[in-house]
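Structure first, commentary second.
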Amino acid sequence: HHLTQTIFPAPLEEITAELKSTGRWEGELIHTRRDGTQVVVASRWALQLDERAKPVAVLETNNDITERKRAEEALHKAQGELAHVTRVATLGEMTASISHEVNQPLAAVITNANACLRWLARQSPDLDEARAAVERIIRDGSRASEVIGRIRALVKKSPPRQDWLSINDIILEVIALARSEMHMNRVSLQTQLADSLPLVLADRVQLQQVLLNLIVNGIEAMNRSSEGTRELGVSTEKDGLNRVLIAVRDSGVGLNPESLEHLFDPFYTTKPDGMGMGLAISRSIIEAHGGRLWATLNAPCGAVFQFTLPHDGERVS
Ligand SMILES: Nc1ncnc2c1ncn2[C@@H]1O[C@H](COP(=O)(O)OP(=O)(O)OP(=O)(O)O)[C@@H](O)[C@H]1O
Ligand SMILES: [Mg+2]
């Protein structure tokens with residue numbers, strides 16, 4: 001190589017200080033070649049000492065990891081694209097219930113606007129009633145715009161974020177989106193959300209995607225079951241190990257040994273129009289957040305999907 005420039009991950013003084021105190025240093029260097037291309041190099045330095053423990057040389061081992069880096073980045077990007085595509089697909093399947101969710105407050109807006117006109121058209125206009133109607137219009141208008149806002153956030157392609165979030169708030173937002181979907185499928189929802197849970201450092205949209213996947217899967221499992229009860233349970237709690245535990249349980253068809261083994265495999269699906277990516281993506285999202293996602297059987301029937309997220313125990317909602 002004809003190297004013209006090297007970028008070190010730390011100031012040279014720090015590197016030499018570490019080399020002097022520990023005898024070694026490891027890091028990634030970025031070399032710029034004369035033709036302008038960059039190579040990423042994993043570099044290992046070891047201090048060579050003479051018999052009197054005086055430094056005489058630095059042994060440097062370099063490995064070109066440019067390709068590996070590029071592959072990692074490409075994989076990362078592909079995962080993000082896939083997550084986005086499946087998120088949009090899930091929302092696409094929910095169009096009927098989502099439009100219902102928007103249309104309902106809009107219908108209420110029109111009803112209240114008409115009522116308001118009538119209060120004003122009276123011989124002696126009833127301003128108190130008119131004002132109350134306008135207040136309901138504002139409330140319902142904001143409700144509709146909140147639904148649209150949440151959908152936009154899920155559809156938009158945005159770089160991953162790390163924010164301190166309340167998992168309960170995220171759950172309530174997803175439930176608001178999926179409420180009509182549950183209603184249309186005659187599913188009753190039970191929530192058990194623990195008070196004052198610590199905040200988690202996470203990407204809101206990604207966690208919403210995981211929860212939406214689990215809830216939609218639960219509804220679909222109950223649609224494929226002849227069981228009488230159609231109950232979806234969502235709960236949160238703090239486990240003793242600095243983690244928040246989130247569970248989504250259903251009373252659907254449940255899991256046989258075959259599906260238990262393959263649930264999280266990409267493209268594993270038992271649904272005629274399923275893509276089989278929901279759980280694979282959900283698991284990679286949770287693992288990227290430092291947590292775990294797994295499935296067990298529910299009693300007397302159905303499945304439970306649980307995941308953990310680490311928290312720092314200090315920031316509380
Ligand atoms: N709550 C559940 N109860 C029973 N089986 C489930 C449940 N959730 C998932 N499964 C099984 O796991 C399979 C994979 O689920 P996954 O969400 O990954 O894909 P999918 O729902 O089939 O398709 P999509 O990509 O549209 O989500 C499902 O086809 C189903 O057989
Ligand atoms: Mg699914």
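Just remember, in the structure tokens the first chain shown is A, the second B, etc., residues are 1-based per chain, and ligands are 1-based in the order shown.
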Could you please extract the residues within 10 Å of ligand 2, counting only C-alpha atoms and all ligand atoms, and hand them back as a ChimeraX atom specification?
/A:86,90,210,212-221,263,268-271,274-282
Filtering to N, CA, C and O atoms, could you give me those residues as a JSON list (two decimals), in the first residue's frame?
```json
[["chain", "number", "residue", "atom", "x", "y", "z"],
["A", 86, "THR", "N", -41.48, -4.49, 6.42],
["A", 86, "THR", "CA", -42.47, -5.30, 7.12],
["A", 86, "THR", "C", -43.38, -4.45, 8.00],
["A", 86, "THR", "O", -44.55, -4.76, 8.19],
["A", 90, "THR", "N", -47.37, -4.52, 7.71],
["A", 90, "THR", "CA", -48.29, -4.75, 8.83],
["A", 90, "THR", "C", -49.36, -3.67, 8.86],
["A", 90, "THR", "O", -50.55, -3.95, 9.02],
["A", 210, "VAL", "N", -42.27, -4.17, 17.32],
["A", 210, "VAL", "CA", -42.25, -5.47, 18.00],
["A", 210, "VAL", "C", -43.62, -5.74, 18.64],
["A", 210, "VAL", "O", -44.22, -6.81, 18.46],
["A", 212, "LEU", "N", -46.52, -4.39, 18.02],
["A", 212, "LEU", "CA", -47.58, -4.52, 17.01],
["A", 212, "LEU", "C", -47.55, -5.92, 16.41],
["A", 212, "LEU", "O", -48.59, -6.57, 16.25],
["A", 213, "ASN", "N", -46.34, -6.41, 16.09],
["A", 213, "ASN", "CA", -46.17, -7.77, 15.57],
["A", 213, "ASN", "C", -46.78, -8.79, 16.52],
["A", 213, "ASN", "O", -47.51, -9.69, 16.11],
["A", 214, "LEU", "N", -46.44, -8.67, 17.81],
["A", 214, "LEU", "CA", -46.90, -9.67, 18.78],
["A", 214, "LEU", "C", -48.42, -9.60, 18.93],
["A", 214, "LEU", "O", -49.08, -10.64, 19.03],
["A", 215, "ILE", "N", -48.96, -8.38, 18.94],
["A", 215, "ILE", "CA", -50.41, -8.24, 19.11],
["A", 215, "ILE", "C", -51.15, -8.78, 17.88],
["A", 215, "ILE", "O", -52.12, -9.55, 18.01],
["A", 216, "VAL", "N", -50.66, -8.43, 16.69],
["A", 216, "VAL", "CA", -51.31, -8.91, 15.46],
["A", 216, "VAL", "C", -51.20, -10.44, 15.38],
["A", 216, "VAL", "O", -52.17, -11.13, 15.04],
["A", 217, "ASN", "N", -50.04, -11.01, 15.72],
["A", 217, "ASN", "CA", -49.90, -12.47, 15.74],
["A", 217, "ASN", "C", -50.91, -13.09, 16.70],
["A", 217, "ASN", "O", -51.51, -14.12, 16.41],
["A", 218, "GLY", "N", -51.06, -12.48, 17.88],
["A", 218, "GLY", "CA", -51.99, -13.00, 18.88],
["A", 218, "GLY", "C", -53.41, -13.00, 18.35],
["A", 218, "GLY", "O", -54.15, -13.99, 18.50],
["A", 219, "ILE", "N", -53.81, -11.90, 17.71],
["A", 219, "ILE", "CA", -55.17, -11.83, 17.15],
["A", 219, "ILE", "C", -55.34, -12.91, 16.08],
["A", 219, "ILE", "O", -56.35, -13.63, 16.05],
["A", 220, "GLU", "N", -54.33, -13.05, 15.22],
["A", 220, "GLU", "CA", -54.42, -14.06, 14.15],
["A", 220, "GLU", "C", -54.49, -15.47, 14.73],
["A", 220, "GLU", "O", -55.22, -16.32, 14.21],
["A", 221, "ALA", "N", -53.75, -15.72, 15.81],
["A", 221, "ALA", "CA", -53.78, -17.05, 16.44],
["A", 221, "ALA", "C", -55.17, -17.33, 16.99],
["A", 221, "ALA", "O", -55.64, -18.47, 16.96],
["A", 263, "LEU", "N", -40.40, -20.81, 15.08],
["A", 263, "LEU", "CA", -41.06, -19.49, 15.18],
["A", 263, "LEU", "C", -40.22, -18.31, 14.73],
["A", 263, "LEU", "O", -40.68, -17.45, 14.00],
["A", 268, "TYR", "N", -40.34, -18.36, 8.24],
["A", 268, "TYR", "CA", -41.18, -19.46, 8.75],
["A", 268, "TYR", "C", -42.58, -18.90, 8.97],
["A", 268, "TYR", "O", -42.79, -17.97, 9.75],
["A", 269, "THR", "N", -43.54, -19.46, 8.26],
["A", 269, "THR", "CA", -44.92, -19.02, 8.45],
["A", 269, "THR", "C", -45.87, -20.18, 8.24],
["A", 269, "THR", "O", -45.57, -21.10, 7.49],
["A", 270, "THR", "N", -46.99, -20.17, 8.96],
["A", 270, "THR", "CA", -48.02, -21.18, 8.73],
["A", 270, "THR", "C", -49.27, -20.51, 8.17],
["A", 270, "THR", "O", -50.33, -21.10, 8.13],
["A", 271, "LYS", "N", -49.12, -19.23, 7.78],
["A", 271, "LYS", "CA", -50.28, -18.49, 7.27],
["A", 271, "LYS", "C", -50.21, -18.39, 5.75],
["A", 271, "LYS", "O", -49.13, -18.15, 5.21],
["A", 274, "GLY", "N", -48.83, -15.06, 4.92],
["A", 274, "GLY", "CA", -47.82, -14.55, 5.85],
["A", 274, "GLY", "C", -46.46, -14.45, 5.17],
["A", 274, "GLY", "O", -46.17, -15.15, 4.21],
["A", 275, "MET", "N", -45.63, -13.55, 5.68],
["A", 275, "MET", "CA", -44.29, -13.42, 5.14],
["A", 275, "MET", "C", -43.32, -14.20, 6.04],
["A", 275, "MET", "O", -42.27, -14.62, 5.61],
["A", 276, "GLY", "N", -43.69, -14.37, 7.30],
["A", 276, "GLY", "CA", -42.83, -15.12, 8.21],
["A", 276, "GLY", "C", -41.65, -14.32, 8.71],
["A", 276, "GLY", "O", -40.66, -14.89, 9.17],
["A", 277, "MET", "N", -41.73, -13.00, 8.61],
["A", 277, "MET", "CA", -40.60, -12.17, 9.03],
["A", 277, "MET", "C", -40.84, -11.47, 10.36],
["A", 277, "MET", "O", -39.91, -10.97, 10.98],
["A", 278, "GLY", "N", -42.12, -11.44, 10.79],
["A", 278, "GLY", "CA", -42.47, -10.66, 11.98],
["A", 278, "GLY", "C", -41.61, -10.98, 13.20],
["A", 278, "GLY", "O", -41.00, -10.10, 13.80],
["A", 279, "LEU", "N", -41.55, -12.26, 13.55],
["A", 279, "LEU", "CA", -40.84, -12.65, 14.76],
["A", 279, "LEU", "C", -39.33, -12.59, 14.59],
["A", 279, "LEU", "O", -38.61, -12.25, 15.52],
["A", 280, "ALA", "N", -38.84, -12.91, 13.39],
["A", 280, "ALA", "CA", -37.40, -12.83, 13.14],
["A", 280, "ALA", "C", -36.92, -11.40, 13.35],
["A", 280, "ALA", "O", -35.91, -11.15, 14.02],
["A", 281, "ILE", "N", -37.66, -10.45, 12.80],
["A", 281, "ILE", "CA", -37.28, -9.05, 12.94],
["A", 281, "ILE", "C", -37.46, -8.58, 14.39],
["A", 281, "ILE", "O", -36.60, -7.89, 14.93],
["A", 282, "SER", "N", -38.56, -9.01, 15.01],
["A", 282, "SER", "CA", -38.78, -8.61, 16.40],
["A", 282, "SER", "C", -37.63, -9.06, 17.28],
["A", 282, "SER", "O", -37.15, -8.31, 18.13]]
```
Tell me, as JSON, numbers by chain, which residues lie within 12 Å of stretch 60-69 of chain A, counting only C-alpha atoms; anything in the same chain fewer than 2 positions away does not count.
{"A": [1, 19, 24, 25, 26, 27, 28, 29, 30, 31, 32, 37, 38, 39, 40, 41, 42, 43, 44, 45, 46, 47, 48, 57, 58, 71, 72, 73, 74, 75, 76]}
Identify which of the residues A:Ser142, A:Gln104, A:Gln190, A:Ser284 lies closest to ligand 1, counting only C-alpha atoms and all ligand atoms when measuring atom-to-atom distances.
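Closest candidate: A:Ser284.
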Could you find all residues in stretch 127-314 of chain A that DSSP calls alpha helix (DSSP H) from the backbone, and write them as number ranges by chain?
A: 127-155, 167-184, 204-223, 257-262, 278-288
Neighbour list for A:Gln162 as a PyMOL selection string, cut-off 10 Å, only C-alpha atoms, skip fewer than 5 positions in-chain:
chain A and resi 200-204+289
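For the choices A:Leu165, A:Met94, A:Ala113, A:Val85, the atom-to-atom distance to A:Arg179 is smallest for A:Met94 when using only C-alpha atoms.
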Which residue out of A:Ile98, A:Ala194, A:Ala178, A:Ala115 has the minimum interatomic distance to A:Val244 when only C-alpha atoms are used?
A:Ala194
Env of A:Arg136: 7 Å cut, atoms = only C-alpha atoms, seq-sep filter 4 positions within chain, self excluded. Answer as number ranges by chain.
A: 112, 132, 140
Same residues, all heavy atoms, saved as a CSV table (one decimal), in the first residue's frame:
```csv
chain,number,residue,atom,x,y,z
A,112,ASN,N,-70.6,17.3,16.1
A,112,ASN,CA,-70.5,18.4,17.0
A,112,ASN,C,-70.5,19.8,16.3
A,112,ASN,O,-71.1,20.8,16.9
A,112,ASN,CB,-69.2,18.3,17.9
A,112,ASN,CG,-69.4,17.3,19.0
A,112,ASN,OD1,-70.4,17.4,19.8
A,112,ASN,ND2,-68.6,16.3,19.1
A,132,ALA,N,-69.1,24.3,24.4
A,132,ALA,CA,-68.9,22.9,24.8
A,132,ALA,C,-68.7,22.0,23.5
A,132,ALA,O,-67.8,21.1,23.5
A,132,ALA,CB,-70.0,22.4,25.6
A,140,ASP,N,-61.7,15.8,19.5
A,140,ASP,CA,-61.8,14.7,18.5
A,140,ASP,C,-60.8,15.0,17.4
A,140,ASP,O,-60.3,14.0,16.8
A,140,ASP,CB,-63.2,14.6,18.0
A,140,ASP,CG,-64.1,14.0,19.1
A,140,ASP,OD1,-63.6,13.1,19.9
A,140,ASP,OD2,-65.3,14.3,19.2
```
Exercise: A:Lys157 partners within 9 Å, only C-alpha atoms, chain neighbours under 5 positions left out, as number ranges by chain
A: 80-81, 84
